[in-house]
Structure formats: structure tokens, C-alpha cells
Amino acid sequence: MLNTHTTVIGRADPIHVKRIKPCRLIYLLVLVLMLEACSTRALILQGVASELASQGNTPEDDLVLAREASAFYLKLSESVLRETPDNINLATAVASGFTQYAYAYVQADADRLDAKDAAAAHRLRQRAARLYHRAQRHALGALEAQTPGFTKALASDSPADWPNLRVNQIGLAYWGAASWGAWIAMSKDKPDIVADLPLAMRLAKLAWISTPEHGDGSLASLMGTFEASRPGGSKAHASLYFDQAIAHSGGKNAGVFVAKAEAIALPAGDKPAFETLLKRALVASELQPNLSNMVMRERAMWLLETVDDLF
């Protein structure tokens, strides 16, 4: 939050007032009014930013309603964030909002279109890439604003230089890493973007080291996805991350089961394990029917419907 400085103006000594020329007095009064107006505007913006951030966490299990409301919410929140770049809660909400919108409503549509219209699917994936990049820019920009030099420190070859994340930065780092990884996955034909995979993984690991249970296992699941997808990655190590994520969520995070199915079982050609994990995702979505789980329920059902095409 912004540090607000309050100037207390007490009763002036009459002698001092008499020494101020009328034009000077008018100038000072105008200046005070301008400062008060700026202070009021800043306070109002911070209030709006905080309210928007809290609205981003409001429970919603209707996917259609969420989709219809998302675009306006994201544009409004993004505009306010430009005026309040230090509001870490709003930055987190914006980064998470763009990432989830891209995944649930753009990338998912592209996956479903693949078999019918490959060109249209490609265009949607390009749009998803742009949205993921947008989320990543907001997350990294906010981390840089909170900790000047963050980006340079993250890119250092020396672990001693890597930034230390504060508790209130973990969520922002998670969404920054998740959107970064998704952007890279959508940009496999662009070596300069793919080259940043180690940095995205490093950001996720810094968050995981601090708070491995973050997001009911979502952070540990992201670590599993990164480990499974990186060149030379260990499937066994990735599976441990996923198992840790399942434990952190108490089996109620549907996304963890879907992620493990797609990152471990599918590449291994293990159809029984793939189906079992997706069915567990359906159970998880019933145990905890929040928006995230409903999105992953939709994906799990679609994957089960197309399982014969995948194996």
C-alpha cells in the first residue's frame, strides 16, 4: 500500500501570516488544495483497487456467468492497477485473472477446436499466449515495483543474488510463474521466449521453498508440471511434487489430478492411470465445487470423452 503522509496544519502565528504576501498566500492555498485533491484521489484509487482485488476472490461456481463478467472485470482492474502499481493484492488478482481467463476460455476452446478447425485453434492459441504474457508482465512488474531490481536478481547466475520473497508476494510469484510457463508452452516456435523457462521455474521454486502448500497444492502442482516438461526433467521427481500437491489439498483440488494426468500419465501412454486421475478430479470437484474446480471438471470430462483419440 502507499505510504500516506498527513500534514497537520495548526493555528498560525498572526505575525507570520502578516508577512506572507496575498499572492503568496493564494498560491499556498491552491497548492494545499491540489495536494489534498491528489491525496484524496490516491486514497479513493487504493480503496477501489482493494475492492476489486477482493471481488476477484468472490466465490462463483457458474462458468457462464464467470466468463461473461471476466472481460469487464479484467479491463477495469487493469486500468486501476496502472494507477496503483504498488497494490500487491490487485496485481495478484489481475495476474491470476488473465491467466485463468486464458486457460479456461481461450486455450480450452482451442483444444476443442483442434480436430474441426486447426487454423482457428491456432489463432486462439496465439491469443492465449498474448493473455498469458499480459498476466506475466503484470506479475513481474508488480514484483519489480515492490522490490526494485527483482527481475535482474532473478536472472542472476548466482543463487546468492536471487530475490527473497515476502509472504505477501507468494501468490503474485505463483501466478507470475504459472502465466510465464503457459506463455512459453504456447510459444514453442519462438526460441527467445522458450529460453526463459529456467527463470519461470526459478520463480516458482523460490515461492515453493517459502510456502510449498500455497494454493491448496497448486504451487506444488506447478512445480510438478515444470519438472515433467523441462528438458531432462525427472518424471519420478515430478510425481513426488504432484503427490505432495494432493496431500496439501486433501484431495480436493481437481486441477492437481488433471495436471498429473496430462504431465505424467499421458506422455507415458498409461491409459488406466490417466482415466483414474481424471475420475479423481471429478470427485474433487464435487467435494469442493468452486470456480477453479468447475473449470478443471470441464477439462477432465472433455479429456475422458476424447481418451481414445489420445491413446
# chains A, B, ... in the order shown; residues from 1 in each chain; ligands from 1
>>> residues_around(residues="Ala245 in chain A", least_positions_apart="3", cutoff="10 Å", atoms="only C-alpha atoms", output="number ranges by chain")
A: 212-224, 239-242, 248-251, 253, 255-257, 260
>>> write_last_selection(atoms="C-alpha atoms", output="short mmCIF file (atom, residue, chain, number, x, y, z; two decimals), in the first residue's frame")
data_model
loop_
_atom_site.label_atom_id
_atom_site.label_comp_id
_atom_site.auth_asym_id
_atom_site.auth_seq_id
_atom_site.Cartn_x
_atom_site.Cartn_y
_atom_site.Cartn_z
CA PRO A 212 5.15 -25.24 -0.55
CA GLU A 213 1.49 -25.65 0.46
CA HIS A 214 0.37 -22.44 -1.28
CA GLY A 215 -2.95 -22.58 -3.12
CA ASP A 216 -4.07 -25.91 -1.65
CA GLY A 217 -1.32 -27.66 -3.56
CA SER A 218 -1.48 -25.56 -6.74
CA LEU A 219 2.12 -24.37 -6.32
CA ALA A 220 3.45 -27.88 -5.76
CA SER A 221 1.43 -28.99 -8.80
CA LEU A 222 3.03 -26.23 -10.88
CA MET A 223 6.43 -27.48 -9.75
CA GLY A 224 5.44 -30.96 -10.94
CA SER A 239 5.27 -37.31 -9.47
CA LEU A 240 6.53 -36.51 -5.98
CA TYR A 241 5.54 -32.88 -6.45
CA PHE A 242 2.07 -33.94 -7.60
CA HIS A 248 -1.73 -30.33 0.62
CA SER A 249 -5.22 -30.11 -0.88
CA GLY A 250 -6.64 -33.10 0.96
CA GLY A 251 -7.64 -34.49 -2.43
CA ASN A 253 -8.04 -29.71 -5.79
CA GLY A 255 -6.53 -29.23 -11.03
CA VAL A 256 -3.80 -31.30 -9.40
CA PHE A 257 -5.27 -34.57 -10.71
CA LYS A 260 -0.75 -35.11 -13.17
#
>>> closest_residue(among="A:Asp196, A:Asp86, A:Asp114, A:Asp189", to="Ala155 in chain A", atoms="only C-alpha atoms")
A:Asp196
>>> residues_around(residues="Leu282 in chain A", least_positions_apart="4", cutoff="9 Å", atoms="only C-alpha atoms", output="JSON, numbers by chain")
{"A": [254, 277, 278, 286, 287, 293, 294, 296, 297, 298, 300, 301]}
>>> write_last_selection(atoms="N, CA and C atoms", output="PDB file, in the first residue's frame")
ATOM      1  N   ALA A 254      -9.106 -30.309  -7.900  1.00  0.00           N
ATOM      2  CA  ALA A 254      -9.264 -31.075  -9.136  1.00  0.00           C
ATOM      3  C   ALA A 254      -8.117 -30.818 -10.112  1.00  0.00           C
ATOM      4  N   LEU A 277      -6.935 -40.802 -12.698  1.00  0.00           N
ATOM      5  CA  LEU A 277      -6.643 -39.454 -12.214  1.00  0.00           C
ATOM      6  C   LEU A 277      -7.764 -38.477 -12.590  1.00  0.00           C
ATOM      7  N   LEU A 278      -8.282 -38.608 -13.807  1.00  0.00           N
ATOM      8  CA  LEU A 278      -9.352 -37.709 -14.236  1.00  0.00           C
ATOM      9  C   LEU A 278     -10.637 -37.962 -13.454  1.00  0.00           C
ATOM     10  N   GLU A 286     -16.587 -32.287  -6.869  1.00  0.00           N
ATOM     11  CA  GLU A 286     -17.842 -32.445  -6.122  1.00  0.00           C
ATOM     12  C   GLU A 286     -17.632 -32.144  -4.638  1.00  0.00           C
ATOM     13  N   LEU A 287     -16.448 -32.493  -4.142  1.00  0.00           N
ATOM     14  CA  LEU A 287     -16.150 -32.233  -2.729  1.00  0.00           C
ATOM     15  C   LEU A 287     -16.000 -30.742  -2.460  1.00  0.00           C
ATOM     16  N   ASN A 293     -12.324 -25.494  -9.550  1.00  0.00           N
ATOM     17  CA  ASN A 293     -12.624 -26.916  -9.680  1.00  0.00           C
ATOM     18  C   ASN A 293     -13.654 -27.184 -10.777  1.00  0.00           C
ATOM     19  N   MET A 294     -14.585 -26.250 -10.974  1.00  0.00           N
ATOM     20  CA  MET A 294     -15.560 -26.426 -12.045  1.00  0.00           C
ATOM     21  C   MET A 294     -14.884 -26.350 -13.414  1.00  0.00           C
ATOM     22  N   MET A 296     -11.760 -27.165 -14.030  1.00  0.00           N
ATOM     23  CA  MET A 296     -10.996 -28.398 -14.197  1.00  0.00           C
ATOM     24  C   MET A 296     -11.911 -29.605 -14.378  1.00  0.00           C
ATOM     25  N   ARG A 297     -13.097 -29.559 -13.809  1.00  0.00           N
ATOM     26  CA  ARG A 297     -14.082 -30.624 -14.036  1.00  0.00           C
ATOM     27  C   ARG A 297     -14.444 -30.693 -15.517  1.00  0.00           C
ATOM     28  N   GLU A 298     -14.663 -29.504 -16.125  1.00  0.00           N
ATOM     29  CA  GLU A 298     -14.978 -29.456 -17.550  1.00  0.00           C
ATOM     30  C   GLU A 298     -13.850 -30.065 -18.380  1.00  0.00           C
ATOM     31  N   ALA A 300     -11.544 -32.236 -17.339  1.00  0.00           N
ATOM     32  CA  ALA A 300     -11.452 -33.668 -17.061  1.00  0.00           C
ATOM     33  C   ALA A 300     -12.497 -34.447 -17.857  1.00  0.00           C
ATOM     34  N   MET A 301     -13.717 -33.929 -17.904  1.00  0.00           N
ATOM     35  CA  MET A 301     -14.784 -34.592 -18.652  1.00  0.00           C
ATOM     36  C   MET A 301     -14.467 -34.627 -20.142  1.00  0.00           C
TER      37      MET A 301
END
>>> closest_atom_pairs(of="range 185-301 of chain A", to="range 125-145 of chain A", cutoff="9 Å", atoms="only C-alpha atoms", output="JSON lines")
{"residue": "A:Ala185", "atom": "CA", "partner": "A:Ala129", "partner_atom": "CA", "distance": 8.3}
{"residue": "A:Met186", "atom": "CA", "partner": "A:Ala129", "partner_atom": "CA", "distance": 5.4}
{"residue": "A:Ser187", "atom": "CA", "partner": "A:Ala129", "partner_atom": "CA", "distance": 6.9}
>>> write_last_selection(atoms="C-alpha atoms", output="PDB file, in the first residue's frame")
ATOM      1  CA  ALA A 185       4.160 -23.549 -23.714  1.00  0.00           C
ATOM      2  CA  MET A 186       2.114 -21.538 -26.241  1.00  0.00           C
ATOM      3  CA  SER A 187       5.288 -20.191 -27.896  1.00  0.00           C
TER       4      SER A 187
END
>>> residues_around(residues="range 261-270 of chain A", least_positions_apart="2", cutoff="7 Å", atoms="only C-alpha atoms", output="count of residues only")
12
>>> closest_atom_pairs(of="range 189-292 of chain A", to="range 159-183 of chain A", cutoff="9 Å", atoms="only C-alpha atoms", output="Markdown table")
| residue | atom | partner | partner_atom | distance |
| --- | --- | --- | --- | --- |
| A:Ile193 | CA | A:Trp183 | CA | 8.1 |
| A:Val194 | CA | A:Trp183 | CA | 8.8 |
| A:Asp196 | CA | A:Trp180 | CA | 8.5 |
| A:Leu197 | CA | A:Gly181 | CA | 6.7 |
| A:Leu199 | CA | A:Ala177 | CA | 8.5 |
| A:Ala200 | CA | A:Ala177 | CA | 5.0 |
| A:Met201 | CA | A:Ala177 | CA | 6.8 |
| A:Arg202 | CA | A:Ala177 | CA | 8.3 |
| A:Leu203 | CA | A:Ala177 | CA | 5.9 |
| A:Ala204 | CA | A:Ala177 | CA | 5.4 |
| A:Leu206 | CA | A:Leu165 | CA | 7.1 |
| A:Ala207 | CA | A:Ile170 | CA | 5.5 |
| A:Trp208 | CA | A:Ile170 | CA | 8.4 |
| A:Ser210 | CA | A:Leu165 | CA | 7.5 |
| A:Thr211 | CA | A:Ile170 | CA | 7.4 |
| A:His214 | CA | A:Gly171 | CA | 7.7 |
| A:Gly215 | CA | A:Gly171 | CA | 8.1 |
| A:Ser218 | CA | A:Tyr174 | CA | 8.7 |
| A:Leu219 | CA | A:Tyr174 | CA | 6.5 |
| A:Leu222 | CA | A:Ala178 | CA | 6.9 |
| A:Phe226 | CA | A:Gly181 | CA | 7.7 |
>>> select_by_dssp(residues="range 21-257 of chain A", states="alpha helix (DSSP H)", output="ChimeraX atom specification")
/A:22-55,63-83,88-101,108-113,118-146,150-154,170-185,191-194,197-210,218-229,235-249,254-257
>>> atom_distance(atom1="CA of Ser292 in chain A", atom2="CA of Ala121 in chain A")
23.0 Å
